[in-house]
$ cat entry18.pdb   # PDB, C-alpha atoms, pLDDT in the B column
ATOM      1  CA  MET E 970     -19.912 -60.302  52.699  1.00 68.00           C
ATOM      2  CA  CYS E 971     -18.492 -60.876  56.144  1.00 83.00           C
ATOM      3  CA  GLY E 972     -21.190 -61.767  58.650  1.00 95.00           C
ATOM      4  CA  ARG E 973     -19.281 -63.699  61.305  1.00 97.00           C
ATOM      5  CA  TYR E 974     -15.692 -63.880  62.457  1.00 98.00           C
ATOM      6  CA  ALA E 975     -13.486 -65.040  65.315  1.00 98.00           C
ATOM      7  CA  SER E 976     -11.553 -62.690  67.602  1.00 98.00           C
ATOM      8  CA  THR E 977      -9.955 -64.365  70.591  1.00 98.00           C
ATOM      9  CA  ARG E 978      -6.719 -62.464  71.328  1.00 98.00           C
ATOM     10  CA  SER E 979      -6.425 -60.610  74.614  1.00 97.00           C
ATOM     11  CA  PRO E 980      -6.357 -56.790  74.604  1.00 97.00           C
ATOM     12  CA  GLN E 981      -2.838 -56.954  76.016  1.00 96.00           C
ATOM     13  CA  ASP E 982      -1.707 -59.006  73.022  1.00 97.00           C
ATOM     14  CA  LEU E 983      -3.528 -56.756  70.558  1.00 98.00           C
ATOM     15  CA  ALA E 984      -2.063 -53.617  72.107  1.00 97.00           C
ATOM     16  CA  GLN E 985       1.415 -55.037  71.595  1.00 97.00           C
ATOM     17  CA  MET E 986       0.761 -56.317  68.070  1.00 97.00           C
ATOM     18  CA  PHE E 987      -0.604 -53.004  66.847  1.00 98.00           C
ATOM     19  CA  GLN E 988       1.663 -50.698  68.899  1.00 97.00           C
ATOM     20  CA  VAL E 989      -1.270 -49.218  70.798  1.00 97.00           C
ATOM     21  CA  THR E 990      -0.465 -46.386  73.217  1.00 95.00           C
ATOM     22  CA  ASP E 991      -3.906 -45.965  74.819  1.00 94.00           C
ATOM     23  CA  TRP E 992      -5.964 -48.790  76.211  1.00 94.00           C
ATOM     24  CA  HIS E 993      -8.124 -48.710  79.337  1.00 92.00           C
ATOM     25  CA  PRO E 994      -7.758 -51.975  81.304  1.00 92.00           C
ATOM     26  CA  GLU E 995     -11.337 -51.691  82.538  1.00 93.00           C
ATOM     27  CA  GLU E 996     -12.504 -52.160  78.929  1.00 93.00           C
ATOM     28  CA  ILE E 997     -12.745 -55.918  78.529  1.00 93.00           C
ATOM     29  CA  LEU E 998     -14.261 -58.107  75.836  1.00 97.00           C
ATOM     30  CA  ALA E 999     -14.469 -61.860  76.188  1.00 97.00           C
ATOM     31  CA  PRO E1000     -12.797 -63.953  73.471  1.00 98.00           C
ATOM     32  CA  SER E1001     -15.333 -64.859  70.800  1.00 98.00           C
ATOM     33  CA  TRP E1002     -15.275 -67.612  68.204  1.00 98.00           C
ATOM     34  CA  ASN E1003     -18.592 -66.382  66.790  1.00 98.00           C
ATOM     35  CA  VAL E1004     -18.578 -62.607  66.531  1.00 98.00           C
ATOM     36  CA  ALA E1005     -21.935 -61.480  65.122  1.00 98.00           C
ATOM     37  CA  PRO E1006     -23.398 -58.162  63.965  1.00 97.00           C
ATOM     38  CA  THR E1007     -24.206 -55.715  66.793  1.00 97.00           C
ATOM     39  CA  ASP E1008     -21.618 -57.407  69.040  1.00 98.00           C
ATOM     40  CA  GLU E1009     -18.902 -55.263  70.563  1.00 98.00           C
ATOM     41  CA  VAL E1010     -15.556 -55.859  68.870  1.00 98.00           C
ATOM     42  CA  TRP E1011     -12.003 -54.649  69.320  1.00 98.00           C
ATOM     43  CA  ALA E1012     -10.906 -51.823  67.038  1.00 98.00           C
ATOM     44  CA  VAL E1013      -7.548 -50.118  66.608  1.00 98.00           C
ATOM     45  CA  LEU E1014      -7.861 -46.443  65.704  1.00 98.00           C
ATOM     46  CA  GLU E1015      -6.044 -43.129  65.991  1.00 98.00           C
ATOM     47  CA  ARG E1016      -7.543 -39.891  67.265  1.00 94.00           C
ATOM     48  CA  THR E1017      -6.666 -36.841  69.311  1.00 88.00           C
ATOM     49  CA  ALA E1018      -8.238 -35.980  72.641  1.00 79.00           C
ATOM     50  CA  ARG E1019     -11.378 -33.817  72.495  1.00 73.00           C
ATOM     51  CA  ASP E1020      -9.689 -30.932  74.310  1.00 73.00           C
ATOM     52  CA  ALA E1021      -6.336 -31.229  72.501  1.00 71.00           C
ATOM     53  CA  ASP E1022      -4.858 -28.562  70.229  1.00 71.00           C
ATOM     54  CA  GLU E1023      -5.535 -28.893  66.524  1.00 66.00           C
ATOM     55  CA  ASP E1024      -1.884 -29.780  65.873  1.00 74.00           C
ATOM     56  CA  ALA E1025      -1.680 -32.333  68.674  1.00 82.00           C
ATOM     57  CA  PRO E1026      -0.548 -35.779  67.471  1.00 88.00           C
ATOM     58  CA  ALA E1027      -3.132 -38.529  67.297  1.00 93.00           C
ATOM     59  CA  ARG E1028      -2.711 -41.433  69.698  1.00 95.00           C
ATOM     60  CA  ARG E1029      -3.248 -45.049  68.747  1.00 98.00           C
ATOM     61  CA  ARG E1030      -6.051 -46.585  70.769  1.00 98.00           C
ATOM     62  CA  LEU E1031      -7.686 -49.952  71.338  1.00 98.00           C
ATOM     63  CA  ARG E1032     -11.423 -49.504  71.795  1.00 97.00           C
ATOM     64  CA  PRO E1033     -14.519 -51.708  71.881  1.00 98.00           C
ATOM     65  CA  LEU E1034     -16.973 -50.643  69.156  1.00 98.00           C
ATOM     66  CA  ARG E1035     -20.335 -52.032  68.133  1.00 98.00           C
ATOM     67  CA  TRP E1036     -20.252 -53.877  64.814  1.00 98.00           C
ATOM     68  CA  GLY E1037     -22.714 -52.286  62.397  1.00 98.00           C
ATOM     69  CA  LEU E1038     -22.057 -48.668  61.443  1.00 98.00           C
ATOM     70  CA  VAL E1039     -24.631 -46.057  62.428  1.00 98.00           C
ATOM     71  CA  PRO E1040     -24.093 -42.863  60.375  1.00 98.00           C
ATOM     72  CA  SER E1041     -24.096 -39.621  62.341  1.00 96.00           C
ATOM     73  CA  TRP E1042     -27.220 -38.502  60.465  1.00 96.00           C
ATOM     74  CA  ALA E1043     -29.233 -41.646  61.219  1.00 97.00           C
ATOM     75  CA  LYS E1044     -32.480 -41.174  63.107  1.00 95.00           C
ATOM     76  CA  ASP E1045     -32.318 -44.641  64.661  1.00 94.00           C
ATOM     77  CA  ALA E1046     -29.387 -46.835  65.689  1.00 96.00           C
ATOM     78  CA  LYS E1047     -31.135 -49.898  64.246  1.00 96.00           C
ATOM     79  CA  ILE E1048     -29.755 -49.045  60.804  1.00 97.00           C
ATOM     80  CA  GLY E1049     -26.401 -50.384  61.983  1.00 97.00           C
ATOM     81  CA  ALA E1050     -27.553 -53.994  61.664  1.00 96.00           C
ATOM     82  CA  ARG E1051     -27.727 -53.452  57.878  1.00 96.00           C
ATOM     83  CA  LEU E1052     -24.357 -51.690  57.588  1.00 98.00           C
ATOM     84  CA  ILE E1053     -21.940 -54.333  58.831  1.00 98.00           C
ATOM     85  CA  ASN E1054     -20.027 -54.305  55.522  1.00 98.00           C
ATOM     86  CA  ALA E1055     -18.908 -51.645  53.038  1.00 98.00           C
ATOM     87  CA  ARG E1056     -17.858 -52.607  49.512  1.00 97.00           C
ATOM     88  CA  VAL E1057     -14.341 -51.433  48.644  1.00 97.00           C
ATOM     89  CA  GLU E1058     -15.513 -50.464  45.155  1.00 97.00           C
ATOM     90  CA  THR E1059     -17.978 -47.829  46.457  1.00 98.00           C
ATOM     91  CA  VAL E1060     -17.063 -47.148  50.108  1.00 98.00           C
ATOM     92  CA  HIS E1061     -15.679 -43.686  49.267  1.00 97.00           C
ATOM     93  CA  GLU E1062     -18.937 -42.680  47.532  1.00 97.00           C
ATOM     94  CA  LYS E1063     -21.795 -44.095  49.609  1.00 98.00           C
ATOM     95  CA  PRO E1064     -23.454 -41.509  51.912  1.00 98.00           C
ATOM     96  CA  ALA E1065     -23.306 -43.867  54.899  1.00 98.00           C
ATOM     97  CA  PHE E1066     -19.537 -44.350  54.609  1.00 98.00           C
ATOM     98  CA  ARG E1067     -17.844 -41.562  52.645  1.00 97.00           C
ATOM     99  CA  LYS E1068     -17.306 -39.175  55.576  1.00 97.00           C
ATOM    100  CA  ALA E1069     -15.891 -41.911  57.790  1.00 98.00           C
ATOM    101  CA  PHE E1070     -13.679 -43.096  54.920  1.00 98.00           C
ATOM    102  CA  VAL E1071     -11.927 -39.735  54.905  1.00 97.00           C
ATOM    103  CA  ARG E1072     -11.770 -39.112  58.659  1.00 96.00           C
ATOM    104  CA  ARG E1073     -12.449 -42.247  60.752  1.00 98.00           C
ATOM    105  CA  ARG E1074     -10.689 -45.426  59.706  1.00 98.00           C
ATOM    106  CA  CYS E1075      -9.790 -48.379  61.903  1.00 98.00           C
ATOM    107  CA  LEU E1076      -8.435 -51.908  61.975  1.00 98.00           C
ATOM    108  CA  LEU E1077     -10.531 -54.768  63.300  1.00 98.00           C
ATOM    109  CA  PRO E1078      -8.381 -57.677  64.539  1.00 98.00           C
ATOM    110  CA  ALA E1079      -9.641 -61.137  63.604  1.00 98.00           C
ATOM    111  CA  ASP E1080      -8.292 -64.673  63.850  1.00 98.00           C
ATOM    112  CA  GLY E1081     -10.352 -65.655  60.808  1.00 97.00           C
ATOM    113  CA  PHE E1082     -13.839 -65.374  59.366  1.00 97.00           C
ATOM    114  CA  TYR E1083     -16.727 -67.594  58.253  1.00 97.00           C
ATOM    115  CA  GLU E1084     -18.369 -67.935  54.875  1.00 95.00           C
ATOM    116  CA  TRP E1085     -21.107 -70.271  53.658  1.00 95.00           C
ATOM    117  CA  GLU E1086     -21.256 -72.394  50.509  1.00 92.00           C
ATOM    118  CA  GLU E1087     -24.457 -73.821  49.100  1.00 88.00           C
ATOM    119  CA  VAL E1088     -24.157 -77.607  48.803  1.00 88.00           C
ATOM    120  CA  LYS E1089     -26.578 -80.394  48.000  1.00 84.00           C
ATOM    121  CA  ASP E1090     -27.034 -82.978  50.723  1.00 79.00           C
ATOM    122  CA  ARG E1091     -26.060 -86.393  49.356  1.00 77.00           C
ATOM    123  CA  LYS E1092     -28.794 -88.209  51.226  1.00 79.00           C
ATOM    124  CA  SER E1093     -31.769 -85.883  51.043  1.00 84.00           C
ATOM    125  CA  GLY E1094     -30.900 -83.981  47.883  1.00 84.00           C
ATOM    126  CA  LYS E1095     -31.799 -80.720  49.615  1.00 89.00           C
ATOM    127  CA  VAL E1096     -29.597 -77.648  49.269  1.00 91.00           C
ATOM    128  CA  ARG E1097     -28.093 -76.334  52.472  1.00 89.00           C
ATOM    129  CA  LYS E1098     -25.366 -73.900  53.442  1.00 92.00           C
ATOM    130  CA  GLN E1099     -22.081 -75.392  54.638  1.00 94.00           C
ATOM    131  CA  PRO E1100     -20.041 -73.031  56.831  1.00 96.00           C
ATOM    132  CA  TYR E1101     -16.287 -72.725  56.338  1.00 96.00           C
ATOM    133  CA  TYR E1102     -13.718 -71.145  58.621  1.00 97.00           C
ATOM    134  CA  ILE E1103     -11.173 -69.136  56.616  1.00 96.00           C
ATOM    135  CA  HIS E1104      -7.962 -67.991  58.262  1.00 95.00           C
ATOM    136  CA  PRO E1105      -4.287 -67.168  57.585  1.00 94.00           C
ATOM    137  CA  GLU E1106      -2.188 -70.283  57.120  1.00 92.00           C
ATOM    138  CA  ASP E1107       0.472 -68.951  59.486  1.00 92.00           C
ATOM    139  CA  GLY E1108      -1.984 -68.297  62.317  1.00 94.00           C
ATOM    140  CA  GLN E1109      -1.316 -64.560  62.361  1.00 94.00           C
ATOM    141  CA  VAL E1110      -4.007 -62.033  63.257  1.00 97.00           C
ATOM    142  CA  MET E1111      -5.849 -60.454  60.355  1.00 96.00           C
ATOM    143  CA  ALA E1112      -6.161 -56.652  60.427  1.00 97.00           C
ATOM    144  CA  LEU E1113      -9.494 -56.087  58.696  1.00 97.00           C
ATOM    145  CA  ALA E1114      -9.901 -52.650  57.147  1.00 98.00           C
ATOM    146  CA  GLY E1115     -12.776 -50.844  58.814  1.00 98.00           C
ATOM    147  CA  LEU E1116     -14.464 -47.512  59.384  1.00 98.00           C
ATOM    148  CA  TYR E1117     -15.961 -46.132  62.574  1.00 98.00           C
ATOM    149  CA  GLU E1118     -18.509 -43.466  63.352  1.00 98.00           C
ATOM    150  CA  TYR E1119     -20.061 -41.565  66.250  1.00 97.00           C
ATOM    151  CA  TRP E1120     -23.815 -41.397  66.692  1.00 97.00           C
ATOM    152  CA  ARG E1121     -25.546 -39.030  69.120  1.00 96.00           C
ATOM    153  CA  ASP E1122     -28.508 -40.603  70.921  1.00 94.00           C
ATOM    154  CA  PRO E1123     -31.246 -37.921  70.922  1.00 92.00           C
ATOM    155  CA  GLU E1124     -32.972 -39.588  73.880  1.00 91.00           C
ATOM    156  CA  ILE E1125     -30.111 -38.553  76.198  1.00 93.00           C
ATOM    157  CA  LYS E1126     -30.171 -34.807  76.734  1.00 91.00           C
ATOM    158  CA  ASP E1127     -26.747 -34.354  78.329  1.00 93.00           C
ATOM    159  CA  ALA E1128     -24.146 -34.433  75.540  1.00 88.00           C
ATOM    160  CA  ASP E1129     -21.388 -34.939  78.127  1.00 88.00           C
ATOM    161  CA  ASP E1130     -22.946 -38.193  79.287  1.00 91.00           C
ATOM    162  CA  PRO E1131     -20.857 -41.038  77.773  1.00 86.00           C
ATOM    163  CA  ALA E1132     -24.086 -42.946  77.163  1.00 90.00           C
ATOM    164  CA  ALA E1133     -25.159 -40.193  74.760  1.00 93.00           C
ATOM    165  CA  TRP E1134     -22.633 -41.379  72.189  1.00 96.00           C
ATOM    166  CA  LEU E1135     -22.505 -44.684  70.345  1.00 97.00           C
ATOM    167  CA  MET E1136     -19.340 -45.741  68.500  1.00 97.00           C
ATOM    168  CA  THR E1137     -19.912 -48.236  65.715  1.00 98.00           C
ATOM    169  CA  CYS E1138     -17.890 -49.780  62.907  1.00 98.00           C
ATOM    170  CA  THR E1139     -18.105 -51.580  59.581  1.00 98.00           C
ATOM    171  CA  ILE E1140     -15.812 -54.000  57.716  1.00 98.00           C
ATOM    172  CA  ILE E1141     -14.671 -53.241  54.177  1.00 98.00           C
ATOM    173  CA  THR E1142     -15.078 -56.185  51.784  1.00 96.00           C
ATOM    174  CA  THR E1143     -13.482 -57.011  48.456  1.00 94.00           C
ATOM    175  CA  GLU E1144     -13.563 -59.692  45.776  1.00 91.00           C
ATOM    176  CA  ALA E1145     -12.551 -63.005  47.287  1.00 90.00           C
ATOM    177  CA  THR E1146      -9.231 -64.609  46.436  1.00 80.00           C
ATOM    178  CA  ASP E1147      -7.419 -67.811  47.315  1.00 74.00           C
ATOM    179  CA  ALA E1148      -9.354 -70.308  49.454  1.00 76.00           C
ATOM    180  CA  ALA E1149     -12.136 -67.822  50.175  1.00 81.00           C
ATOM    181  CA  GLY E1150     -12.852 -67.359  46.474  1.00 82.00           C
ATOM    182  CA  ARG E1151     -13.778 -71.018  46.089  1.00 85.00           C
ATOM    183  CA  ILE E1152     -16.522 -70.592  48.668  1.00 90.00           C
ATOM    184  CA  HIS E1153     -17.939 -67.067  48.360  1.00 89.00           C
ATOM    185  CA  PRO E1154     -17.387 -64.171  45.908  1.00 91.00           C
ATOM    186  CA  ARG E1155     -16.710 -61.606  48.677  1.00 93.00           C
ATOM    187  CA  MET E1156     -14.394 -61.506  51.675  1.00 93.00           C
ATOM    188  CA  PRO E1157     -13.207 -58.982  54.273  1.00 95.00           C
ATOM    189  CA  LEU E1158     -10.216 -56.930  53.158  1.00 95.00           C
ATOM    190  CA  ALA E1159      -7.167 -57.374  55.397  1.00 95.00           C
ATOM    191  CA  LEU E1160      -4.379 -54.807  55.374  1.00 95.00           C
ATOM    192  CA  THR E1161      -0.697 -55.647  55.482  1.00 93.00           C
ATOM    193  CA  PRO E1162       1.421 -54.196  58.331  1.00 95.00           C
ATOM    194  CA  ASP E1163       3.179 -51.740  56.015  1.00 94.00           C
ATOM    195  CA  HIS E1164      -0.186 -50.029  55.410  1.00 96.00           C
ATOM    196  CA  TYR E1165      -1.337 -49.754  59.037  1.00 97.00           C
ATOM    197  CA  ASP E1166       0.125 -46.317  59.727  1.00 97.00           C
ATOM    198  CA  ALA E1167      -1.206 -44.648  56.592  1.00 97.00           C
ATOM    199  CA  TRP E1168      -4.659 -46.195  57.000  1.00 98.00           C
ATOM    200  CA  LEU E1169      -5.038 -45.162  60.633  1.00 98.00           C
ATOM    201  CA  ASP E1170      -3.607 -41.636  60.334  1.00 97.00           C
ATOM    202  CA  PRO E1171      -6.631 -39.265  60.571  1.00 95.00           C
ATOM    203  CA  ARG E1172      -4.630 -36.538  58.825  1.00 94.00           C
ATOM    204  CA  HIS E1173      -4.374 -38.709  55.733  1.00 95.00           C
ATOM    205  CA  ARG E1174      -7.446 -37.591  53.775  1.00 95.00           C
ATOM    206  CA  SER E1175      -6.656 -38.128  50.108  1.00 96.00           C
ATOM    207  CA  THR E1176      -9.356 -40.438  48.788  1.00 96.00           C
ATOM    208  CA  ASP E1177      -7.191 -41.600  45.906  1.00 96.00           C
ATOM    209  CA  ASP E1178      -4.212 -42.362  48.155  1.00 97.00           C
ATOM    210  CA  LEU E1179      -6.374 -44.189  50.669  1.00 97.00           C
ATOM    211  CA  ARG E1180      -7.938 -46.354  47.995  1.00 96.00           C
ATOM    212  CA  THR E1181      -4.485 -47.511  46.871  1.00 95.00           C
ATOM    213  CA  LEU E1182      -4.046 -49.082  50.328  1.00 95.00           C
ATOM    214  CA  LEU E1183      -7.112 -51.266  49.792  1.00 94.00           C
ATOM    215  CA  THR E1184      -5.687 -53.878  47.474  1.00 86.00           C
ATOM    216  CA  PRO E1185      -6.891 -57.494  47.650  1.00 73.00           C
ATOM    217  CA  PRO E1186      -4.388 -59.814  49.349  1.00 64.00           C
ATOM    218  CA  ALA E1187      -2.187 -62.032  47.236  1.00 54.00           C
ATOM    219  CA  ASP E1188      -3.195 -65.649  46.666  1.00 56.00           C
ATOM    220  CA  GLY E1189      -1.711 -68.426  48.719  1.00 57.00           C
ATOM    221  CA  HIS E1190      -2.057 -67.212  52.282  1.00 86.00           C
ATOM    222  CA  LEU E1191      -5.499 -68.365  53.412  1.00 91.00           C
ATOM    223  CA  ASP E1192      -6.768 -71.778  54.402  1.00 93.00           C
ATOM    224  CA  ALA E1193     -10.407 -72.896  54.597  1.00 94.00           C
ATOM    225  CA  ARG E1194     -11.974 -75.846  56.353  1.00 95.00           C
ATOM    226  CA  PRO E1195     -15.590 -76.983  56.730  1.00 96.00           C
ATOM    227  CA  VAL E1196     -16.942 -76.516  60.241  1.00 97.00           C
ATOM    228  CA  SER E1197     -20.090 -77.414  62.122  1.00 97.00           C
ATOM    229  CA  PRO E1198     -23.361 -75.592  61.332  1.00 96.00           C
ATOM    230  CA  ALA E1199     -23.418 -74.809  65.056  1.00 97.00           C
ATOM    231  CA  VAL E1200     -21.803 -71.517  64.081  1.00 97.00           C
ATOM    232  CA  ASN E1201     -25.084 -70.555  62.399  1.00 96.00           C
ATOM    233  CA  SER E1202     -26.576 -69.752  65.807  1.00 97.00           C
ATOM    234  CA  VAL E1203     -25.266 -66.700  67.636  1.00 96.00           C
ATOM    235  CA  GLN E1204     -26.011 -68.565  70.867  1.00 97.00           C
ATOM    236  CA  ASN E1205     -23.116 -70.952  70.185  1.00 98.00           C
ATOM    237  CA  ASN E1206     -19.548 -70.008  70.989  1.00 98.00           C
ATOM    238  CA  GLY E1207     -16.248 -71.599  71.929  1.00 98.00           C
ATOM    239  CA  PRO E1208     -13.165 -73.048  70.208  1.00 98.00           C
ATOM    240  CA  ARG E1209     -15.083 -76.164  69.125  1.00 98.00           C
ATOM    241  CA  LEU E1210     -16.678 -74.048  66.384  1.00 98.00           C
ATOM    242  CA  LEU E1211     -13.327 -74.062  64.581  1.00 98.00           C
ATOM    243  CA  ASP E1212     -13.054 -77.859  64.524  1.00 98.00           C
ATOM    244  CA  GLU E1213     -13.000 -79.332  61.039  1.00 97.00           C
ATOM    245  CA  VAL E1214     -15.903 -81.583  60.105  1.00 96.00           C
ATOM    246  CA  PRO E1215     -16.253 -83.892  57.096  1.00 90.00           C
ATOM    247  CA  ALA E1216     -17.459 -82.060  54.026  1.00 76.00           C
ATOM    248  CA  THR E1217     -20.744 -83.451  52.741  1.00 66.00           C
TER     249      THR E1217
END
$ encode --input "entry18.pdb" --output "structure tokens"
Amino acid sequence: MCGRYASTRSPQDLAQMFQVTDWHPEEILAPSWNVAPTDEVWAVLERTARDADEDAPARRRLRPLRWGLVPSWAKDAKIGARLINARVETVHEKPAFRKAFVRRRCLLPADGFYEWEEVKDRKSGKVRKQPYYIHPEDGQVMALAGLYEYWRDPEIKDADDPAAWLMTCTIITTEATDAAGRIHPRMPLALTPDHYDAWLDPRHRSTDDLRTLLTPPADGHLDARPVSPAVNSVQNNGPRLLDEVPAT
């Protein structure tokens, strides 16, 4: 699974990297070296304006979404905390994800992600979880495959009130490869740039074609290093979380 990641690039940089045409400067997220479920995260997506014609082209947008997908049919937004990941093997079939898979796909920019390995402490003999930071060797941004959804808050009566709608997202995971596979059996699925357009295009609705875009990355491109267990607490943040520590 993917339960924490780092996302520190500015929206200006992300807009340029992903050829975004719509971004509202008043929408700001602070850099985070410890992104956790239910946090707001940057997402790249394509959609048409609500009042646009049916044939109007979709525009590529950079939006903050809450991590943890809340299906449109959910009675309570709390379900999102349990839906931070969607398995690539079943994402097109699961009731919580299948509609979004066809109509609402996104990319979630990340510098890298964290996974935990169970290790035995040499001194005490107790088993603990050692966190690792896993990231591209070349320092490039990862474009994690994701889905997004709209949820209507029934407590707010006016449907035109922006607060009446919650936009949430989930990260698609796959079998781990390369450095990540030595630590944990699952990892977030990152798309290559040549697949961005097809993945984001809301008119692209062939389940079979979309699934062909979700191929695990080739070996040899990820690096992993042990980091401080300080990352275990969502209260901790900052670049020091990425510092390598001696493996024990």
$ residues_around --input "entry18.pdb" --residues "Arg1074 (chain E)" --least-positions-apart "4" --cutoff "6 Å" --atoms "all atoms listed in the file" --output "ChimeraX atom specification"
/E:1115-1116,1169
$ closest_residue --input "entry18.pdb" --among "E:Met986, E:Ala1046, E:Leu1182, E:Leu1031" --to "Trp1120 (chain E)" --atoms "all atoms listed in the file"
E:Ala1046
$ closest_atom_pairs --input "entry18.pdb" --of "region 1058-1147 of chain E" --to "region 1004-1017 of chain E" --cutoff "12 Å" --atoms "all atoms listed in the file" --output "JSON lines"
{"residue": "E:Arg1072", "atom": "CA", "partner": "E:Arg1016", "partner_atom": "CA", "distance": 9.6}
{"residue": "E:Arg1073", "atom": "CA", "partner": "E:Leu1014", "partner_atom": "CA", "distance": 7.9}
{"residue": "E:Arg1074", "atom": "CA", "partner": "E:Leu1014", "partner_atom": "CA", "distance": 6.7}
{"residue": "E:Cys1075", "atom": "CA", "partner": "E:Leu1014", "partner_atom": "CA", "distance": 4.7}
{"residue": "E:Leu1076", "atom": "CA", "partner": "E:Val1013", "partner_atom": "CA", "distance": 5.0}
{"residue": "E:Leu1077", "atom": "CA", "partner": "E:Ala1012", "partner_atom": "CA", "distance": 4.8}
{"residue": "E:Pro1078", "atom": "CA", "partner": "E:Trp1011", "partner_atom": "CA", "distance": 6.7}
{"residue": "E:Ala1079", "atom": "CA", "partner": "E:Trp1011", "partner_atom": "CA", "distance": 9.0}
{"residue": "E:Asp1080", "atom": "CA", "partner": "E:Val1004", "partner_atom": "CA", "distance": 10.8}
{"residue": "E:Gly1081", "atom": "CA", "partner": "E:Val1004", "partner_atom": "CA", "distance": 10.5}
{"residue": "E:Phe1082", "atom": "CA", "partner": "E:Val1004", "partner_atom": "CA", "distance": 9.0}
{"residue": "E:Tyr1083", "atom": "CA", "partner": "E:Val1004", "partner_atom": "CA", "distance": 9.8}
{"residue": "E:Ala1112", "atom": "CA", "partner": "E:Val1013", "partner_atom": "CA", "distance": 9.1}
{"residue": "E:Leu1113", "atom": "CA", "partner": "E:Ala1012", "partner_atom": "CA", "distance": 9.5}
{"residue": "E:Ala1114", "atom": "CA", "partner": "E:Ala1012", "partner_atom": "CA", "distance": 10.0}
{"residue": "E:Gly1115", "atom": "CA", "partner": "E:Ala1012", "partner_atom": "CA", "distance": 8.5}
{"residue": "E:Leu1116", "atom": "CA", "partner": "E:Leu1014", "partner_atom": "CA", "distance": 9.2}
{"residue": "E:Tyr1117", "atom": "CA", "partner": "E:Leu1014", "partner_atom": "CA", "distance": 8.7}
{"residue": "E:Glu1118", "atom": "CA", "partner": "E:Leu1014", "partner_atom": "CA", "distance": 11.3}
{"residue": "E:Leu1135", "atom": "CA", "partner": "E:Glu1009", "partner_atom": "CA", "distance": 11.2}
{"residue": "E:Met1136", "atom": "CA", "partner": "E:Glu1009", "partner_atom": "CA", "distance": 9.8}
{"residue": "E:Thr1137", "atom": "CA", "partner": "E:Glu1009", "partner_atom": "CA", "distance": 8.6}
{"residue": "E:Cys1138", "atom": "CA", "partner": "E:Ala1012", "partner_atom": "CA", "distance": 8.4}
{"residue": "E:Thr1139", "atom": "CA", "partner": "E:Pro1006", "partner_atom": "CA", "distance": 9.5}
{"residue": "E:Ile1140", "atom": "CA", "partner": "E:Pro1006", "partner_atom": "CA", "distance": 10.7}
$ atom_distance --input "entry18.pdb" --atom1 "CA of Asp1147 (chain E)" --atom2 "CA of Arg1209 (chain E)"
24.6 Å
$ resolve_selection --input "entry18.pdb" --expression "the PyMOL selection byres ((chain E and resi 1185) around 8)" --output "ChimeraX atom specification"
/E:1143-1146,1158-1159,1183-1184,1186-1187
$ resolve_selection --input "entry18.pdb" --expression "the PyMOL selection byres ((chain E and resi 1194-1207) around 9)" --output "PyMOL selection string"
chain E and resi 973+1000-1005+1083+1098-1103+1192-1193+1208-1216
$ atom_distance --input "entry18.pdb" --atom1 "CA of Pro1171 (chain E)" --atom2 "CA of Lys1068 (chain E)"
11.8 Å
$ axis_aligned_box --input "entry18.pdb" --around "region 1205-1213 of chain E" --padding-each-side "5 Å" --output "lines of an AutoDock Vina configuration file"
center_x = -18.1
center_y = -74.7
center_z = 66.5
size_x = 20.1
size_y = 19.3
size_z = 20.9
$ resolve_selection --input "entry18.pdb" --expression "the PyMOL selection byres ((chain E and resi 1052-1063) around 8)" --output "compact mmCIF listing (two decimals) with C-alpha atoms, in the frame of the given file"
# COMPACT_ATOMS: atom_id res chain seq x y z
CA MET E 970 -19.91 -60.30 52.70
CA CYS E 971 -18.49 -60.88 56.14
CA GLY E 972 -21.19 -61.77 58.65
CA PRO E 1006 -23.40 -58.16 63.96
CA TRP E 1036 -20.25 -53.88 64.81
CA GLY E 1037 -22.71 -52.29 62.40
CA LEU E 1038 -22.06 -48.67 61.44
CA VAL E 1039 -24.63 -46.06 62.43
CA ILE E 1048 -29.76 -49.04 60.80
CA GLY E 1049 -26.40 -50.38 61.98
CA ALA E 1050 -27.55 -53.99 61.66
CA ARG E 1051 -27.73 -53.45 57.88
CA PRO E 1064 -23.45 -41.51 51.91
CA ALA E 1065 -23.31 -43.87 54.90
CA PHE E 1066 -19.54 -44.35 54.61
CA ARG E 1067 -17.84 -41.56 52.64
CA LYS E 1068 -17.31 -39.17 55.58
CA PHE E 1070 -13.68 -43.10 54.92
CA VAL E 1071 -11.93 -39.74 54.90
CA CYS E 1138 -17.89 -49.78 62.91
CA THR E 1139 -18.10 -51.58 59.58
CA ILE E 1140 -15.81 -54.00 57.72
CA ILE E 1141 -14.67 -53.24 54.18
CA THR E 1142 -15.08 -56.18 51.78
CA THR E 1143 -13.48 -57.01 48.46
CA THR E 1176 -9.36 -40.44 48.79
CA LEU E 1183 -7.11 -51.27 49.79
$ closest_residue --input "entry18.pdb" --among "E:Pro1157, E:Gly1094, E:Pro1123, E:Pro1026" --to "Ala1043 (chain E)" --atoms "only C-alpha atoms"
E:Pro1123
$ residues_near_point --input "entry18.pdb" --point "(-11.1, -41.1, 74.5)" --cutoff "9 Å" --atoms "all atoms listed in the file" --output "PyMOL selection string"
chain E and resi 991+1016-1019+1030+1032
$ closest_residue --input "entry18.pdb" --among "E:His1153, E:Lys1044, E:Arg1035, E:Arg1028" --to "Leu998 (chain E)" --atoms "only C-alpha atoms"
E:Arg1035
$ atom_distance --input "entry18.pdb" --atom1 "CA of Glu1084 (chain E)" --atom2 "CA of Ser976 (chain E)"
15.4 Å
$ closest_residue --input "entry18.pdb" --among "E:Lys1047, E:Arg978, E:Lys1126, E:Arg1180" --to "Trp1168 (chain E)" --atoms "all atoms listed in the file"
E:Arg1180
$ closest_residue --input "entry18.pdb" --among "E:Pro980, E:Pro1033, E:Pro994, E:Pro1105" --to "His1190 (chain E)" --atoms "only C-alpha atoms"
E:Pro1105
